[in-house]
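In what follows, a structure is listed as structure tokens, so that the remarks can point back to it.
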Amino acid sequence: VDSSPHVSTMIFTYCEEDGVVIMSSRLDTDKVRNIRANPRVAVLFHDFPVNSEEFSPKGCAHKSPGTGRSPGTGRTNSVTLYGEVLILHTKSQTSDQGLEEARMREQKYREMHLRMHPTYSHFIEGDDVAIFVVVARSGRTCDIKDRVKQWQAGK
């Protein structure tokens with residue numbers, strides 16, 4: 001790991017019950033090496049419009065059906081979470097301490113992630129695939145008009 005930033009597009013699942021974001025990755029990737037060296041991350045979620053017409057911040061002269069507003073308004077928001085990633089991969093855990101609890105957590109999150117993304121099972125299942133749990137400490141939201149709201153976890 002040379003401490004260079006690493007950006008990667010990933011599928012995710014939000015676990016509302018636990019307030020965490022779930023992702024997964026093979027163990028032999030740069031992202032896993034980087035997270036093991038420094039588990040602090042920034043994760044960007046962006047709500048892209050369905051079609052390119054909607055992406056225009058100026059929108060069009062007509063209104064979107066049923067919304068009463070021009071396309072492009074209210075559909076391009078982003079959320080950035082700042083926090084830490086826990087890597088769950090009990091097959092590579094060297095200590096028996098807390099192993100059963102970790103195994104149950106890993107299984108719960110892996111099954112939840114797979115239910116949300118069954119066509120991406122090759123990124124979620126396998127002996128060489130770890131589950132990531134992103135625990136947010138703070139975040140910010142931003143809309144198409146650059147209105148930014150910041151927040152801290154627990155506040």
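So you can find residues: chains in the structure tokens are A, B, ... in the order shown, residues in each start at 1, and ligands are numbered from 1 in order.
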Checklist entry - Which residues come within 7 Å of Cys142 of chain A, counting only C-alpha atoms, excluding same-chain residues fewer than 3 positions away, as a PyMOL selection string? => result chain A and resi 77-79+146-149
Checklist entry - segment 90-104 of chain A: which residues within 12 Å, counting only C-alpha atoms, same-chain residues fewer than 2 positions away excluded, as a VMD selection string? => result chain A and resid 27 86 to 88 106 to 111 126 to 131 133
Hey, can you spit out that residue selection with all heavy atoms as a tab-separated table (two decimals), in the first residue's frame?
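Full text of again-v6.tsv as output:
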```
chain	number	residue	atom	x	y	z
A	27	LEU	N	-10.71	-10.47	-1.22
A	27	LEU	CA	-9.63	-10.13	-0.29
A	27	LEU	C	-8.35	-9.68	-0.99
A	27	LEU	O	-7.52	-9.01	-0.37
A	27	LEU	CB	-9.33	-11.32	0.62
A	27	LEU	CG	-10.44	-11.68	1.60
A	27	LEU	CD1	-10.16	-13.03	2.24
A	27	LEU	CD2	-10.58	-10.60	2.65
A	86	LEU	N	-15.34	-1.86	8.91
A	86	LEU	CA	-14.99	-3.11	9.57
A	86	LEU	C	-14.99	-4.18	8.50
A	86	LEU	O	-15.95	-4.28	7.72
A	86	LEU	CB	-16.01	-3.45	10.65
A	86	LEU	CG	-16.32	-2.40	11.70
A	86	LEU	CD1	-17.49	-2.83	12.57
A	86	LEU	CD2	-15.09	-2.15	12.54
A	87	ILE	N	-13.94	-4.97	8.43
A	87	ILE	CA	-13.89	-6.07	7.47
A	87	ILE	C	-14.28	-7.35	8.20
A	87	ILE	O	-13.62	-7.74	9.17
A	87	ILE	CB	-12.47	-6.21	6.86
A	87	ILE	CG1	-12.10	-4.93	6.10
A	87	ILE	CG2	-12.42	-7.43	5.94
A	87	ILE	CD1	-10.69	-4.94	5.54
A	88	LEU	N	-15.34	-7.98	7.73
A	88	LEU	CA	-15.80	-9.24	8.31
A	88	LEU	C	-15.44	-10.38	7.37
A	88	LEU	O	-15.97	-10.46	6.26
A	88	LEU	CB	-17.31	-9.21	8.55
A	88	LEU	CG	-17.85	-8.13	9.48
A	88	LEU	CD1	-19.36	-8.23	9.59
A	88	LEU	CD2	-17.21	-8.22	10.85
A	106	GLU	N	-21.37	-11.61	10.16
A	106	GLU	CA	-20.95	-11.74	8.76
A	106	GLU	C	-22.04	-12.42	7.95
A	106	GLU	O	-22.39	-11.97	6.85
A	106	GLU	CB	-19.64	-12.52	8.67
A	106	GLU	CG	-19.16	-12.72	7.26
A	106	GLU	CD	-17.89	-13.57	7.17
A	106	GLU	OE1	-17.32	-13.93	8.23
A	106	GLU	OE2	-17.49	-13.87	6.04
A	107	GLN	N	-22.60	-13.49	8.46
A	107	GLN	CA	-23.64	-14.23	7.76
A	107	GLN	C	-24.89	-13.37	7.56
A	107	GLN	O	-25.47	-13.33	6.48
A	107	GLN	CB	-24.00	-15.50	8.51
A	107	GLN	CG	-25.07	-16.33	7.83
A	107	GLN	CD	-25.38	-17.61	8.58
A	107	GLN	OE1	-24.70	-18.00	9.52
A	107	GLN	NE2	-26.44	-18.27	8.18
A	108	LYS	N	-25.30	-12.65	8.61
A	108	LYS	CA	-26.47	-11.77	8.53
A	108	LYS	C	-26.29	-10.74	7.42
A	108	LYS	O	-27.17	-10.56	6.57
A	108	LYS	CB	-26.68	-11.06	9.87
A	108	LYS	CG	-27.71	-9.95	9.84
A	108	LYS	CD	-27.72	-9.18	11.15
A	108	LYS	CE	-28.56	-7.92	11.07
A	108	LYS	NZ	-28.59	-7.20	12.35
A	109	TYR	N	-25.15	-10.05	7.41
A	109	TYR	CA	-24.91	-8.99	6.43
A	109	TYR	C	-24.72	-9.56	5.02
A	109	TYR	O	-25.19	-8.98	4.05
A	109	TYR	CB	-23.73	-8.13	6.84
A	109	TYR	CG	-23.97	-7.30	8.07
A	109	TYR	CD1	-22.95	-7.06	8.98
A	109	TYR	CD2	-25.21	-6.73	8.33
A	109	TYR	CE1	-23.16	-6.28	10.10
A	109	TYR	CE2	-25.43	-5.95	9.46
A	109	TYR	CZ	-24.40	-5.73	10.33
A	109	TYR	OH	-24.62	-4.96	11.44
A	110	ARG	N	-24.05	-10.69	4.91
A	110	ARG	CA	-23.84	-11.30	3.59
A	110	ARG	C	-25.20	-11.71	2.99
A	110	ARG	O	-25.47	-11.45	1.82
A	110	ARG	CB	-22.91	-12.51	3.69
A	110	ARG	CG	-22.48	-13.07	2.34
A	110	ARG	CD	-21.55	-14.27	2.47
A	110	ARG	NE	-20.38	-14.03	3.26
A	110	ARG	CZ	-19.23	-13.50	2.82
A	110	ARG	NH1	-19.13	-13.15	1.55
A	110	ARG	NH2	-18.20	-13.34	3.62
A	111	GLU	N	-26.06	-12.33	3.80
A	111	GLU	CA	-27.38	-12.75	3.31
A	111	GLU	C	-28.24	-11.54	2.93
A	111	GLU	O	-28.93	-11.56	1.91
A	111	GLU	CB	-28.08	-13.60	4.37
A	111	GLU	CG	-27.48	-14.98	4.51
A	111	GLU	CD	-28.06	-15.79	5.65
A	111	GLU	OE1	-28.94	-15.27	6.41
A	111	GLU	OE2	-27.64	-16.95	5.82
A	126	GLY	N	-18.43	-16.44	-1.58
A	126	GLY	CA	-17.15	-17.07	-1.87
A	126	GLY	C	-16.20	-17.00	-0.70
A	126	GLY	O	-16.26	-16.09	0.11
A	127	ASP	N	-15.31	-17.98	-0.63
A	127	ASP	CA	-14.34	-18.04	0.46
A	127	ASP	C	-13.39	-16.85	0.45
A	127	ASP	O	-12.82	-16.51	1.48
A	127	ASP	CB	-13.53	-19.34	0.39
A	127	ASP	CG	-14.38	-20.55	0.75
A	127	ASP	OD1	-15.48	-20.38	1.32
A	127	ASP	OD2	-13.94	-21.67	0.44
A	128	ASP	N	-13.20	-16.24	-0.71
A	128	ASP	CA	-12.25	-15.13	-0.81
A	128	ASP	C	-12.93	-13.76	-0.82
A	128	ASP	O	-12.32	-12.75	-1.15
A	128	ASP	CB	-11.42	-15.28	-2.09
A	128	ASP	CG	-12.26	-15.18	-3.36
A	128	ASP	OD1	-13.49	-15.46	-3.28
A	128	ASP	OD2	-11.71	-14.84	-4.42
A	129	VAL	N	-14.22	-13.72	-0.39
A	129	VAL	CA	-14.96	-12.46	-0.38
A	129	VAL	C	-15.26	-12.05	1.05
A	129	VAL	O	-15.82	-12.81	1.83
A	129	VAL	CB	-16.28	-12.58	-1.18
A	129	VAL	CG1	-17.08	-11.28	-1.11
A	129	VAL	CG2	-15.99	-12.96	-2.63
A	130	ALA	N	-14.87	-10.84	1.39
A	130	ALA	CA	-15.12	-10.28	2.71
A	130	ALA	C	-16.31	-9.34	2.67
A	130	ALA	O	-16.63	-8.76	1.63
A	130	ALA	CB	-13.89	-9.51	3.20
A	131	ILE	N	-16.97	-9.20	3.79
A	131	ILE	CA	-18.06	-8.24	3.95
A	131	ILE	C	-17.50	-7.00	4.62
A	131	ILE	O	-16.76	-7.08	5.60
A	131	ILE	CB	-19.20	-8.85	4.81
A	131	ILE	CG1	-19.84	-10.03	4.08
A	131	ILE	CG2	-20.24	-7.79	5.17
A	131	ILE	CD1	-20.51	-9.69	2.77
A	133	VAL	N	-18.44	-3.44	6.54
A	133	VAL	CA	-19.48	-2.74	7.28
A	133	VAL	C	-18.98	-1.31	7.48
A	133	VAL	O	-17.97	-1.09	8.15
A	133	VAL	CB	-19.77	-3.41	8.64
A	133	VAL	CG1	-20.84	-2.65	9.39
A	133	VAL	CG2	-20.17	-4.87	8.44
```
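Closest approach to His89 of chain A among A:Thr119, A:Ser25, A:Thr13, A:Ser8: A:Ser25, based on only C-alpha atoms.
Atom CA of Gln152 of chain A is positioned 9.9 Å from atom CA of Leu81 of chain A.
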Next on the checklist: Neighbouring residues of Tyr82 of chain A were defined as those with any atom within 12 Å, considering only C-alpha atoms; residues of the same chain fewer than 5 positions away were excluded. Please report them as a VMD selection string.
Outcome noted: chain A and resid 20 to 21 39 to 45 134 to 141 150 to 153
Item to check | Distance query His117 of chain A at most 12 Å, only C-alpha atoms, self and fewer than 6 positions along chain excluded, as an MDAnalysis selection string | outcome: chainID A and resid 10:14 22:24 110:111 123:125
Item to check | DSSP alpha helix (DSSP H) residues within segment 108-153 of chain A, as a list in words | outcome: Lys108, Tyr109, Arg110, Glu111, Met112, His113, Leu114, Arg115, Met116, Ser121, His122, Phe123 and Ile124 of chain A
Checklist entry - Could you work out how far atom CA of Asp47 of chain A lies from atom CA of Ile144 of chain A, giving the answer in Å with one decimal? => result 10.4 Å
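The gap separating atom CA of Ile35 of chain A from atom CA of Val7 of chain A is 11.8 Å, in Å to one decimal.
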Item to check | strand (DSSP E) residues, from DSSP on the backbone, in segment 87-150 of chain A, as a count of residues only | outcome: 19
